[in-house]
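Shown next, in structure tokens, is the structure this report addresses.
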Amino acid sequence: MTASSRLRALAEGLHEFYVGPYRRTFARAQRDEDDLFRVLVMSEMLGVPNPASYYTAELLPVLYDGFHDWHRRMGMERSPLEEYRCC
């Protein structure tokens, strides 16, 4: 083993040591941030006035794929949108 590969292995081990216990916390924070973004983009469809709806309308097709998982995670048995049925 060369010195650079040892240092790389040490760096990876230290990274795992420090980040490993918080991986679930980081994933939850990322999911919460994604949920907030989804609500902001879909706010017009949910009945909340959105001044940026012209710009966020382009993002709707991207968010439709994960919509079913999102509304189930939020505790809604069925889709809250009348015009979009995913279940």
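Labels used: A, B, ... for chains in the order of the structure tokens, numbers from 1 for residues in each chain, and numbers from 1 for ligands as shown.
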10 Å contact set for Ala57 of chain A, only C-alpha atoms, chain neighbours under 3 positions out, as a PDB file with all heavy atoms, in the first residue's frame:
```
ATOM      1  N   VAL A  41     -44.059  24.425  -4.514  1.00  0.00           N
ATOM      2  CA  VAL A  41     -44.315  24.300  -5.950  1.00  0.00           C
ATOM      3  C   VAL A  41     -45.772  23.945  -6.214  1.00  0.00           C
ATOM      4  O   VAL A  41     -46.395  24.469  -7.126  1.00  0.00           O
ATOM      5  CB  VAL A  41     -43.365  23.252  -6.567  1.00  0.00           C
ATOM      6  CG1 VAL A  41     -43.766  22.926  -7.984  1.00  0.00           C
ATOM      7  CG2 VAL A  41     -41.932  23.761  -6.528  1.00  0.00           C
ATOM      8  N   MET A  42     -46.349  23.081  -5.405  1.00  0.00           N
ATOM      9  CA  MET A  42     -47.712  22.617  -5.648  1.00  0.00           C
ATOM     10  C   MET A  42     -48.752  23.444  -4.894  1.00  0.00           C
ATOM     11  O   MET A  42     -49.920  23.070  -4.855  1.00  0.00           O
ATOM     12  CB  MET A  42     -47.827  21.152  -5.259  1.00  0.00           C
ATOM     13  CG  MET A  42     -46.876  20.277  -6.036  1.00  0.00           C
ATOM     14  SD  MET A  42     -47.110  18.570  -5.700  1.00  0.00           S
ATOM     15  CE  MET A  42     -48.081  18.139  -7.128  1.00  0.00           C
ATOM     16  N   GLU A  44     -50.302  26.172  -5.520  1.00  0.00           N
ATOM     17  CA  GLU A  44     -51.423  26.634  -6.336  1.00  0.00           C
ATOM     18  C   GLU A  44     -52.456  25.528  -6.501  1.00  0.00           C
ATOM     19  O   GLU A  44     -53.657  25.764  -6.422  1.00  0.00           O
ATOM     20  CB  GLU A  44     -50.909  27.086  -7.704  1.00  0.00           C
ATOM     21  CG  GLU A  44     -51.943  27.754  -8.558  1.00  0.00           C
ATOM     22  CD  GLU A  44     -52.289  29.143  -8.072  1.00  0.00           C
ATOM     23  OE1 GLU A  44     -51.450  29.797  -7.441  1.00  0.00           O
ATOM     24  OE2 GLU A  44     -53.424  29.575  -8.330  1.00  0.00           O
ATOM     25  N   MET A  45     -51.996  24.292  -6.691  1.00  0.00           N
ATOM     26  CA  MET A  45     -52.921  23.169  -6.838  1.00  0.00           C
ATOM     27  C   MET A  45     -53.579  22.826  -5.516  1.00  0.00           C
ATOM     28  O   MET A  45     -54.673  22.266  -5.492  1.00  0.00           O
ATOM     29  CB  MET A  45     -52.175  21.951  -7.373  1.00  0.00           C
ATOM     30  CG  MET A  45     -51.684  22.127  -8.791  1.00  0.00           C
ATOM     31  SD  MET A  45     -50.683  20.754  -9.348  1.00  0.00           S
ATOM     32  CE  MET A  45     -51.877  19.448  -9.356  1.00  0.00           C
ATOM     33  N   ALA A  52     -45.361  33.032  -7.274  1.00  0.00           N
ATOM     34  CA  ALA A  52     -44.366  32.532  -8.215  1.00  0.00           C
ATOM     35  C   ALA A  52     -44.883  31.346  -9.023  1.00  0.00           C
ATOM     36  O   ALA A  52     -44.104  30.551  -9.533  1.00  0.00           O
ATOM     37  CB  ALA A  52     -43.101  32.146  -7.466  1.00  0.00           C
ATOM     38  N   SER A  53     -46.204  31.219  -9.156  1.00  0.00           N
ATOM     39  CA  SER A  53     -46.771  30.044  -9.819  1.00  0.00           C
ATOM     40  C   SER A  53     -46.351  29.955 -11.283  1.00  0.00           C
ATOM     41  O   SER A  53     -46.261  28.855 -11.832  1.00  0.00           O
ATOM     42  CB  SER A  53     -48.284  30.040  -9.703  1.00  0.00           C
ATOM     43  OG  SER A  53     -48.827  31.167 -10.341  1.00  0.00           O
ATOM     44  N   TYR A  54     -46.087  31.076 -11.916  1.00  0.00           N
ATOM     45  CA  TYR A  54     -45.640  31.052 -13.316  1.00  0.00           C
ATOM     46  C   TYR A  54     -44.324  30.291 -13.440  1.00  0.00           C
ATOM     47  O   TYR A  54     -44.121  29.515 -14.366  1.00  0.00           O
ATOM     48  CB  TYR A  54     -45.479  32.483 -13.831  1.00  0.00           C
ATOM     49  CG  TYR A  54     -44.919  32.553 -15.224  1.00  0.00           C
ATOM     50  CD1 TYR A  54     -45.724  32.283 -16.320  1.00  0.00           C
ATOM     51  CD2 TYR A  54     -43.589  32.879 -15.444  1.00  0.00           C
ATOM     52  CE1 TYR A  54     -45.215  32.341 -17.607  1.00  0.00           C
ATOM     53  CE2 TYR A  54     -43.068  32.936 -16.725  1.00  0.00           C
ATOM     54  CZ  TYR A  54     -43.883  32.667 -17.804  1.00  0.00           C
ATOM     55  OH  TYR A  54     -43.379  32.721 -19.062  1.00  0.00           O
ATOM     56  N   LEU A  60     -43.698  21.194 -12.008  1.00  0.00           N
ATOM     57  CA  LEU A  60     -44.739  20.228 -11.647  1.00  0.00           C
ATOM     58  C   LEU A  60     -44.520  18.838 -12.250  1.00  0.00           C
ATOM     59  O   LEU A  60     -44.644  17.845 -11.533  1.00  0.00           O
ATOM     60  CB  LEU A  60     -46.114  20.763 -12.013  1.00  0.00           C
ATOM     61  CG  LEU A  60     -46.633  21.870 -11.108  1.00  0.00           C
ATOM     62  CD1 LEU A  60     -47.938  22.422 -11.650  1.00  0.00           C
ATOM     63  CD2 LEU A  60     -46.803  21.376  -9.700  1.00  0.00           C
ATOM     64  N   PRO A  61     -44.189  18.709 -13.525  1.00  0.00           N
ATOM     65  CA  PRO A  61     -43.977  17.352 -14.060  1.00  0.00           C
ATOM     66  C   PRO A  61     -42.862  16.588 -13.340  1.00  0.00           C
ATOM     67  O   PRO A  61     -42.929  15.367 -13.211  1.00  0.00           O
ATOM     68  CB  PRO A  61     -43.611  17.591 -15.526  1.00  0.00           C
ATOM     69  CG  PRO A  61     -44.186  18.915 -15.842  1.00  0.00           C
ATOM     70  CD  PRO A  61     -44.115  19.708 -14.575  1.00  0.00           C
TER      71      PRO A  61
END
```
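Going from atom CA of Met76 of chain A to atom CA of Phe37 of chain A covers 17.9 Å.
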